[in-house]
$ cat work-v7.cif   # mmCIF, C-alpha atoms
data_my_file
#
loop_
_atom_site.label_atom_id
_atom_site.label_comp_id
_atom_site.auth_asym_id
_atom_site.auth_seq_id
_atom_site.Cartn_x
_atom_site.Cartn_y
_atom_site.Cartn_z
CA MET V 1 43.14 24.19 -12.02
CA ALA V 2 39.97 23.73 -9.98
CA GLU V 3 40.28 21.73 -6.79
CA TYR V 4 38.09 18.76 -5.85
CA ARG V 5 36.44 20.88 -3.10
CA GLU V 6 35.45 23.55 -5.65
CA ILE V 7 34.01 20.99 -8.10
CA GLN V 8 32.17 18.81 -5.60
CA GLY V 9 31.44 21.36 -2.91
CA ALA V 10 33.19 19.27 -0.27
CA ALA V 11 36.64 17.96 0.54
CA VAL V 12 37.69 14.34 0.11
CA GLN V 13 36.64 12.46 3.24
CA ASN V 14 39.03 10.53 5.41
CA ILE V 15 37.50 7.07 5.96
CA ALA V 16 39.01 3.92 7.40
CA GLY V 17 38.20 1.19 4.85
CA ASN V 18 35.09 1.71 2.70
CA SER V 19 32.23 1.71 5.21
CA GLY V 20 29.35 3.95 4.18
CA VAL V 21 30.72 5.11 0.82
CA VAL V 22 28.45 5.35 -2.25
CA GLU V 23 28.98 4.83 -5.97
CA GLY V 24 31.03 7.65 -7.47
CA GLN V 25 32.61 8.67 -4.16
CA ILE V 26 36.32 9.38 -3.79
CA TRP V 27 37.85 9.15 -0.33
CA TYR V 28 41.15 8.73 1.45
CA ASP V 29 41.42 5.28 3.04
CA SER V 30 43.31 5.95 6.26
CA THR V 31 43.71 2.21 6.85
CA ALA V 32 45.39 1.48 3.50
CA ASN V 33 46.92 4.98 3.21
CA ASN V 34 45.72 5.60 -0.35
CA PHE V 35 42.89 7.23 -2.29
CA LYS V 36 39.90 5.08 -3.29
CA LEU V 37 36.99 5.33 -5.71
CA GLN V 38 33.69 3.49 -5.44
CA ALA V 39 32.86 2.74 -9.08
CA PHE V 40 31.13 0.28 -11.40
CA LEU V 41 33.75 -2.35 -12.23
CA ALA V 42 33.83 -4.81 -15.12
CA ALA V 43 33.70 -8.56 -14.51
CA SER V 44 37.16 -9.99 -13.82
CA VAL V 45 39.11 -13.11 -12.89
CA ALA V 46 42.17 -13.10 -10.63
CA THR V 47 44.76 -15.81 -9.97
CA SER V 48 45.00 -17.02 -6.37
CA GLY V 49 47.17 -19.48 -4.44
CA ASN V 50 47.71 -23.03 -5.68
CA VAL V 51 46.16 -26.00 -3.90
CA ASN V 52 48.66 -28.35 -2.27
CA THR V 53 47.39 -31.52 -3.94
CA ALA V 54 46.63 -31.33 -7.67
CA ARG V 55 43.47 -33.37 -8.34
CA THR V 56 40.16 -33.68 -10.15
CA GLN V 57 36.59 -34.88 -9.44
CA LEU V 58 36.83 -33.49 -5.90
CA GLY V 59 34.40 -31.82 -3.51
CA GLY V 60 34.46 -28.13 -2.72
CA VAL V 61 32.26 -25.68 -0.79
CA GLY V 62 32.40 -22.40 1.11
CA THR V 63 33.14 -18.89 -0.12
CA SER V 64 35.95 -17.16 -1.98
CA THR V 65 37.48 -16.15 1.35
CA ALA V 66 36.60 -19.25 3.40
CA GLY V 67 36.54 -22.37 1.26
CA VAL V 68 37.39 -26.05 1.63
CA ILE V 69 38.17 -28.81 -0.88
CA TYR V 70 38.37 -32.55 -0.27
CA GLY V 71 38.79 -35.93 -1.90
CA GLY V 72 39.25 -36.58 -5.60
CA GLU V 73 41.75 -38.27 -7.90
CA THR V 74 45.46 -37.43 -8.07
CA PRO V 75 45.21 -39.87 -10.12
CA ALA V 76 45.21 -42.14 -7.04
CA LEU V 77 42.13 -41.64 -4.86
CA THR V 78 42.64 -39.30 -1.93
CA GLY V 79 40.89 -37.93 1.15
CA ALA V 80 43.16 -34.87 1.30
CA THR V 81 41.42 -31.81 2.73
CA GLU V 82 42.51 -28.18 2.36
CA ASN V 83 41.14 -24.93 3.81
CA TYR V 84 41.21 -21.66 1.83
CA ASP V 85 41.39 -18.12 3.25
CA GLY V 86 41.03 -16.25 -0.04
CA THR V 87 44.77 -16.33 -0.70
CA THR V 88 46.35 -19.55 0.57
CA TRP V 89 45.39 -23.22 0.80
CA THR V 90 46.34 -24.98 4.04
CA ASN V 91 46.34 -28.75 4.57
CA ALA V 92 43.86 -30.00 7.17
CA THR V 93 42.96 -33.43 8.53
CA ALA V 94 42.23 -35.82 5.66
CA CYS V 95 38.83 -37.48 5.37
CA PRO V 96 38.86 -41.19 6.35
CA ALA V 97 37.41 -41.97 2.91
CA THR V 98 39.48 -41.89 -0.28
CA LYS V 99 37.04 -41.35 -3.13
CA SER V 100 36.05 -39.06 -5.98
CA ASP V 101 32.73 -37.76 -7.33
CA MET V 102 31.14 -37.29 -3.92
CA HIS V 103 28.18 -35.19 -2.80
CA SER V 104 29.53 -31.90 -1.42
CA SER V 105 27.58 -29.15 0.33
CA GLY V 106 27.85 -26.75 3.26
CA THR V 107 30.51 -24.32 4.42
CA GLN V 108 34.17 -24.39 5.42
CA THR V 109 33.26 -25.12 9.04
CA ALA V 110 30.22 -27.32 8.37
CA ALA V 111 30.78 -29.35 5.20
CA LEU V 112 29.18 -32.60 4.04
CA TRP V 113 30.78 -35.41 2.02
CA GLY V 114 28.37 -38.04 0.74
CA GLY V 115 29.04 -41.30 -1.09
CA GLY V 116 31.47 -41.24 -3.97
CA SER V 117 33.33 -43.52 -6.29
CA PRO V 118 34.15 -46.39 -5.93
CA SER V 119 30.63 -47.30 -4.81
CA SER V 120 29.89 -45.97 -1.36
CA SER V 121 26.91 -44.88 0.72
CA GLY V 122 28.86 -43.48 3.69
CA SER V 123 28.90 -39.77 4.45
CA PHE V 124 31.20 -37.60 6.56
CA GLU V 125 30.86 -34.22 8.27
CA TYR V 126 33.65 -31.62 8.52
CA ASN V 127 33.87 -28.91 11.20
CA GLY V 128 36.73 -26.92 9.71
CA THR V 129 39.33 -29.06 11.43
CA SER V 130 38.38 -32.75 11.39
CA TRP V 131 35.93 -35.27 9.93
CA THR V 132 33.34 -37.45 11.69
CA ALA V 133 31.06 -40.13 10.26
CA GLY V 134 27.52 -39.10 9.30
CA GLY V 135 24.44 -41.05 8.24
CA ASP V 136 24.58 -43.37 5.23
CA MET V 137 23.02 -42.31 1.93
CA THR V 138 19.98 -44.29 0.78
CA PHE V 139 21.87 -45.93 -2.08
CA SER V 140 25.44 -46.66 -3.11
CA GLY V 141 27.04 -47.33 -6.45
CA ARG V 142 26.51 -43.77 -7.64
CA ASP V 143 28.90 -41.00 -8.64
CA PHE V 144 27.69 -37.65 -7.34
CA TYR V 145 29.92 -35.14 -9.13
CA GLY V 146 26.90 -32.89 -9.83
CA GLY V 147 23.56 -32.48 -8.12
CA SER V 148 24.66 -31.25 -4.68
CA ALA V 149 22.89 -28.35 -2.97
CA GLY V 150 22.23 -26.99 0.50
CA ILE V 151 24.02 -27.04 3.84
CA LEU V 152 25.15 -29.69 6.32
CA THR V 153 21.82 -29.78 8.16
CA ALA V 154 19.62 -29.40 5.06
CA ALA V 155 21.29 -30.92 2.00
CA LEU V 156 19.85 -32.17 -1.29
CA GLN V 157 21.31 -34.70 -3.71
CA VAL V 158 19.78 -34.90 -7.18
CA GLY V 159 20.35 -38.12 -9.12
CA GLY V 160 23.79 -39.45 -9.94
CA PHE V 161 25.71 -41.68 -12.29
CA ILE V 162 25.46 -45.47 -12.02
CA SER V 163 28.24 -47.25 -13.90
CA PRO V 164 28.22 -48.24 -16.68
CA GLY V 165 26.39 -45.36 -18.37
CA VAL V 166 23.13 -45.36 -16.38
CA TYR V 167 21.84 -42.18 -14.75
CA SER V 168 19.45 -41.84 -11.83
CA ASP V 169 16.56 -39.40 -11.35
CA VAL V 170 16.17 -40.25 -7.63
CA MET V 171 16.46 -37.41 -5.11
CA GLN V 172 17.41 -37.66 -1.44
CA GLN V 173 17.94 -35.17 1.38
CA TYR V 174 19.99 -34.95 4.58
CA ASP V 175 18.84 -33.36 7.85
CA GLY V 176 22.18 -33.37 9.61
CA THR V 177 21.67 -36.90 10.90
CA SER V 178 20.20 -39.15 8.22
CA TRP V 179 19.50 -39.35 4.50
CA ALA V 180 16.01 -40.06 3.14
CA ASN V 181 14.55 -40.38 -0.37
CA ILE V 182 11.89 -37.90 -1.38
CA PRO V 183 9.00 -38.79 -3.71
CA GLN V 184 9.88 -36.32 -6.45
CA VAL V 185 12.40 -37.14 -9.16
CA TYR V 186 14.55 -35.10 -11.52
CA PRO V 187 12.72 -34.59 -14.85
CA THR V 188 15.52 -35.77 -17.15
CA ALA V 189 17.69 -38.49 -15.60
CA PRO V 190 20.26 -38.58 -18.46
CA GLN V 191 21.44 -35.15 -17.33
CA THR V 192 22.54 -36.19 -13.87
CA GLY V 193 25.96 -37.57 -14.76
CA ASN V 194 27.85 -34.32 -15.30
CA PHE V 195 25.36 -31.53 -14.67
CA ALA V 196 25.81 -28.82 -12.02
CA THR V 197 23.52 -27.74 -9.18
CA THR V 198 23.59 -24.79 -6.79
CA GLY V 199 21.27 -23.33 -4.18
CA THR V 200 19.47 -24.74 -1.16
CA GLN V 201 17.59 -27.92 -0.30
CA THR V 202 14.28 -26.26 -1.22
CA ALA V 203 15.42 -23.79 -3.91
CA CYS V 204 18.11 -24.79 -6.38
CA ILE V 205 18.91 -24.72 -10.09
CA SER V 206 20.47 -27.55 -12.14
CA VAL V 207 22.06 -27.00 -15.55
CA GLY V 208 23.72 -28.96 -18.34
CA GLY V 209 24.02 -32.70 -18.67
CA VAL V 210 26.19 -35.51 -19.95
CA SER V 211 26.73 -33.80 -23.29
CA PRO V 212 28.12 -30.33 -24.08
CA LEU V 213 25.17 -29.95 -26.46
CA ASP V 214 22.74 -30.07 -23.52
CA LEU V 215 21.56 -26.50 -22.86
CA SER V 216 18.79 -27.31 -20.40
CA SER V 217 18.23 -25.56 -17.08
CA ASN V 218 15.72 -26.59 -14.40
CA GLN V 219 14.67 -24.95 -11.14
CA TRP V 220 13.50 -26.69 -7.95
CA ASP V 221 11.18 -25.01 -5.42
CA GLY V 222 11.09 -27.77 -2.82
CA SER V 223 8.23 -29.67 -4.44
CA THR V 224 8.38 -29.21 -8.23
CA TRP V 225 10.93 -28.89 -11.03
CA THR V 226 10.30 -26.16 -13.62
CA ALA V 227 12.18 -25.70 -16.90
CA THR V 228 13.87 -22.30 -17.20
CA ASN V 229 15.61 -20.51 -20.05
CA ASN V 230 18.50 -22.47 -21.56
CA LEU V 231 22.22 -21.95 -21.14
CA SER V 232 23.90 -19.63 -23.64
CA THR V 233 26.19 -22.46 -24.68
CA GLY V 234 26.38 -26.10 -23.67
CA GLN V 235 28.55 -26.58 -20.59
CA TYR V 236 29.01 -29.66 -18.40
CA SER V 237 31.32 -30.96 -15.65
CA THR V 238 31.37 -27.36 -14.48
CA VAL V 239 31.32 -25.61 -11.08
CA ALA V 240 28.09 -23.86 -10.03
CA ASN V 241 27.77 -21.15 -7.37
CA GLY V 242 24.93 -19.00 -6.05
CA THR V 243 21.16 -19.24 -5.73
CA VAL V 244 18.08 -19.69 -7.93
CA SER V 245 17.89 -15.91 -8.36
CA ALA V 246 21.58 -15.22 -9.08
CA SER V 247 24.30 -17.73 -9.87
CA ASN V 248 27.17 -18.67 -12.17
CA ILE V 249 28.86 -21.69 -13.69
CA ILE V 250 32.62 -21.72 -14.31
CA GLY V 251 34.78 -23.82 -16.62
CA GLY V 252 33.89 -27.34 -17.70
CA SER V 253 33.55 -28.83 -21.15
CA THR V 254 31.80 -27.20 -24.09
CA PRO V 255 31.05 -28.10 -27.74
CA GLY V 256 34.18 -28.46 -29.86
CA ASN V 257 36.52 -28.12 -26.90
CA THR V 258 37.27 -30.84 -24.39
CA TYR V 259 38.03 -28.26 -21.69
CA ASP V 260 37.06 -24.61 -21.60
CA THR V 261 37.34 -21.27 -19.80
CA VAL V 262 33.73 -20.10 -20.15
CA ILE V 263 31.79 -18.39 -17.35
CA GLN V 264 28.01 -18.05 -17.58
CA THR V 265 25.84 -15.98 -15.23
CA TRP V 266 22.17 -16.37 -14.25
CA ASP V 267 20.05 -13.37 -13.22
CA GLY V 268 16.96 -15.30 -12.20
CA THR V 269 15.56 -15.24 -15.74
CA CYS V 270 18.29 -15.80 -18.33
CA TRP V 271 21.76 -17.27 -18.69
CA ALA V 272 24.41 -15.08 -20.35
CA THR V 273 28.07 -15.61 -21.23
CA SER V 274 30.26 -13.37 -19.11
CA PRO V 275 32.88 -11.18 -20.84
CA ALA V 276 35.32 -12.51 -18.23
CA SER V 277 36.76 -16.01 -18.43
CA ILE V 278 39.18 -18.11 -16.42
CA SER V 279 42.72 -18.31 -17.80
CA THR V 280 43.19 -22.07 -17.45
CA GLU V 281 40.97 -24.52 -19.32
CA ARG V 282 39.56 -26.92 -16.74
CA SER V 283 36.83 -29.44 -16.09
CA GLN V 284 35.69 -31.46 -13.03
CA SER V 285 36.98 -28.81 -10.65
CA ALA V 286 35.82 -27.69 -7.20
CA GLY V 287 34.49 -24.31 -6.22
CA GLY V 288 32.43 -22.20 -3.89
CA GLY V 289 31.10 -18.72 -3.35
CA SER V 290 28.29 -16.53 -4.59
CA ALA V 291 26.95 -15.31 -7.92
CA THR V 292 29.20 -12.26 -7.77
CA ASN V 293 32.33 -13.69 -6.15
CA ALA V 294 33.41 -17.32 -6.49
CA TYR V 295 36.51 -19.49 -6.63
CA VAL V 296 37.33 -22.45 -8.87
CA ALA V 297 40.20 -24.76 -7.93
CA ALA V 298 42.03 -27.83 -9.22
CA GLY V 299 40.36 -30.00 -11.91
CA ARG V 300 41.90 -31.28 -15.08
CA ASN V 301 42.71 -30.57 -18.72
CA ALA V 302 45.68 -32.44 -20.21
CA GLY V 303 46.77 -33.24 -16.65
CA PHE V 304 45.79 -32.68 -13.01
CA LEU V 305 45.62 -29.02 -11.99
CA ASN V 306 46.56 -27.24 -8.76
CA SER V 307 45.70 -23.66 -9.75
CA THR V 308 42.96 -21.47 -8.26
CA GLU V 309 41.11 -18.57 -9.87
CA VAL V 310 38.56 -16.16 -8.41
CA PHE V 311 35.70 -14.69 -10.46
CA THR V 312 34.20 -11.29 -9.56
CA ASP V 313 31.12 -10.28 -11.55
CA ALA V 314 30.50 -6.77 -12.83
CA GLY V 315 29.13 -4.41 -10.21
CA VAL V 316 29.87 -1.55 -7.88
CA GLY V 317 33.17 -2.03 -6.08
CA THR V 318 36.22 -0.31 -4.64
CA THR V 319 39.26 0.55 -6.71
CA THR V 320 42.51 2.29 -5.73
CA ILE V 321 43.34 5.58 -7.43
CA THR V 322 46.90 5.38 -8.70
CA THR V 323 46.99 8.41 -11.01
#
$ encode --input "work-v7.cif" --output "structure tokens"
Amino acid sequence: MAEYREIQGAAVQNIAGNSGVVEGQIWYDSTANNFKLQAFLAASVATSGNVNTARTQLGGVGTSTAGVIYGGETPALTGATENYDGTTWTNATACPATKSDMHSSGTQTAALWGGGSPSSSGSFEYNGTSWTAGGDMTFSGRDFYGGSAGILTAALQVGGFISPGVYSDVMQQYDGTSWANIPQVYPTAPQTGNFATTGTQTACISVGGVSPLDLSSNQWDGSTWTATNNLSTGQYSTVANGTVSASNIIGGSTPGNTYDTVIQTWDGTCWATSPASISTERSQSAGGGSATNAYVAAGRNAGFLNSTEVFTDAGVGTTTITT
């Protein structure tokens, strides 16, 4: 039998980790003490650690290895805050507010909570350990489950739900100190109750609406909204992650099914249904991450959920050779 050296013209390299390897390369990982292959991997979903407080309609930001969730309904309102390291959720200092459906943006160490239900205009800033009061939003009496984008010092809130059954097209932004309305409005206010938004203050994409039959998708460039190609299937009360050029939405509610496991991906031009799906039907969850690697946590179906799942999109990645 021919050896690897004879076929490839070189021996298997000894490399600590996977620094510098290319697609198709086999090497011995001296850190993990096993053989690795850099290959094109199919999209997948993995189960991760459970959150400590099962809840829905909560806030969540960060990445799949450094996330944070806060607030929500248990069904009682809570300010519980938990940090995520990619494996385990750890309780942190609770937010002084106990609300659901709040604005949420930022990172694990610089997160923003704005407003929420019951009616509130107050906002709070999180540094990875504790919460401090921030500037008040320009209006109260709105639920902000969807429509959040940006970071702590440059956040955007698009619309919101005004009980009973009225939806706003007003947009406001936060500069790290204060909130201010901007003159532009969202093109279709009825969408802003349960839609999803991801991206930055000046470049984001909003999808879905108050109905699972709403396929619309709109992109914001900092001054104008532009309609983009529709969703593959209607999906609302979902979690959105990524940017205007590459993003995903996970879970939510879809036509004919109160809760679903669907994942859709955006490549900057079109939405497509991923061959991967989460294992637990869920809606009104929290999440964070990128287009290619994102977590979804908690939410609800028949009851309040505490499970976490991590989506990895198809692409070049590292796999261990076991045979």
$ closest_atom_pairs --input "work-v7.cif" --of "segment 85-157 of chain V" --to "segment 208-216 of chain V" --cutoff "12 Å" --atoms "only C-alpha atoms" --output "CSV"
residue,atom,partner,partner_atom,distance
V:Tyr145,CA,V:Val210,CA,11.5
V:Gly146,CA,V:Gly209,CA,9.3
V:Gly147,CA,V:Gly209,CA,10.6
$ atom_distance --input "work-v7.cif" --atom1 "atom CA of Pro75 of chain V" --atom2 "atom CA of Ala196 of chain V"
22.4 Å
$ residues_around --input "work-v7.cif" --residues "Ala246 of chain V" --least-positions-apart "5" --cutoff "6 Å" --atoms "all atoms listed in the file" --output "mmCIF file with C-alpha atoms, in the frame of the given file"
data_model
loop_
_atom_site.group_PDB
_atom_site.id
_atom_site.type_symbol
_atom_site.label_atom_id
_atom_site.label_comp_id
_atom_site.auth_asym_id
_atom_site.auth_seq_id
_atom_site.Cartn_x
_atom_site.Cartn_y
_atom_site.Cartn_z
ATOM 1 C CA TRP V 266 22.170 -16.370 -14.250
ATOM 2 C CA ASP V 267 20.050 -13.370 -13.220
ATOM 3 C CA GLY V 268 16.960 -15.300 -12.200
ATOM 4 C CA ALA V 291 26.950 -15.310 -7.920
#
$ resolve_selection --input "work-v7.cif" --expression "the PyMOL selection byres ((chain V and resi 134) around 7)" --output "count of residues only"
8
$ atom_distance --input "work-v7.cif" --atom1 "atom CA of Ala80 of chain V" --atom2 "atom CA of Arg55 of chain V"
9.8 Å
$ closest_atom_pairs --input "work-v7.cif" --of "segment 66-105 of chain V" --to "segment 150-170 of chain V" --cutoff "12 Å" --atoms "all atoms listed in the file" --output "tab-separated table"
residue	atom	partner	partner_atom	distance
V:Asp101	CA	V:Phe161	CA	9.4
V:Met102	CA	V:Gly160	CA	9.7
V:His103	CA	V:Gln157	CA	6.9
V:Ser104	CA	V:Ala155	CA	9.0
V:Ser105	CA	V:Ile151	CA	5.4
$ resolve_selection --input "work-v7.cif" --expression "the PyMOL selection byres ((chain V and resi 187) around 8)" --output "VMD selection string"
chain V and resid 169 185 to 186 188 to 189 225
$ resolve_selection --input "work-v7.cif" --expression "the PyMOL selection byres ((chain V and resi 48) around 6)" --output "ChimeraX atom specification"
/V:47,49,87,308-309
$ atom_distance --input "work-v7.cif" --atom1 "atom CA of Ser64 of chain V" --atom2 "atom CA of Gly242 of chain V"
11.9 Å
$ residues_around --input "work-v7.cif" --residues "Gly128 of chain V" --least-positions-apart "6" --cutoff "10 Å" --atoms "all atoms listed in the file" --output "list in words"
Ala66, Gly67, Val68, Thr81, Glu82, Asn83, Ala92, Thr93, Thr107, Gln108, Thr109, Ala110 and Ala111 of chain V
$ write_last_selection --input "work-v7.cif" --atoms "C-alpha atoms" --output "compact mmCIF listing (two decimals), keeping the file's coordinate frame"
# COMPACT_ATOMS: atom_id res chain seq x y z
CA ALA V 66 36.60 -19.25 3.40
CA GLY V 67 36.54 -22.37 1.26
CA VAL V 68 37.39 -26.05 1.63
CA THR V 81 41.42 -31.81 2.73
CA GLU V 82 42.51 -28.18 2.36
CA ASN V 83 41.14 -24.93 3.81
CA ALA V 92 43.86 -30.00 7.17
CA THR V 93 42.96 -33.43 8.53
CA THR V 107 30.51 -24.32 4.42
CA GLN V 108 34.17 -24.39 5.42
CA THR V 109 33.26 -25.12 9.04
CA ALA V 110 30.22 -27.32 8.37
CA ALA V 111 30.78 -29.35 5.20
$ closest_residue --input "work-v7.cif" --among "V:Asn301, V:Asn248, V:Asn293, V:Thr226" --to "Asp260 of chain V" --atoms "all atoms listed in the file"
V:Asn301
$ residues_around --input "work-v7.cif" --residues "Ser245 of chain V" --least-positions-apart "2" --cutoff "12 Å" --atoms "only C-alpha atoms" --output "number ranges by chain"
V: 198-200, 203-205, 219-221, 228, 241-243, 247-248, 265-271, 290-292
$ closest_residue --input "work-v7.cif" --among "V:Asp85, V:Ile69, V:Ala276, V:Ala76" --to "Trp113 of chain V" --atoms "only C-alpha atoms"
V:Ile69
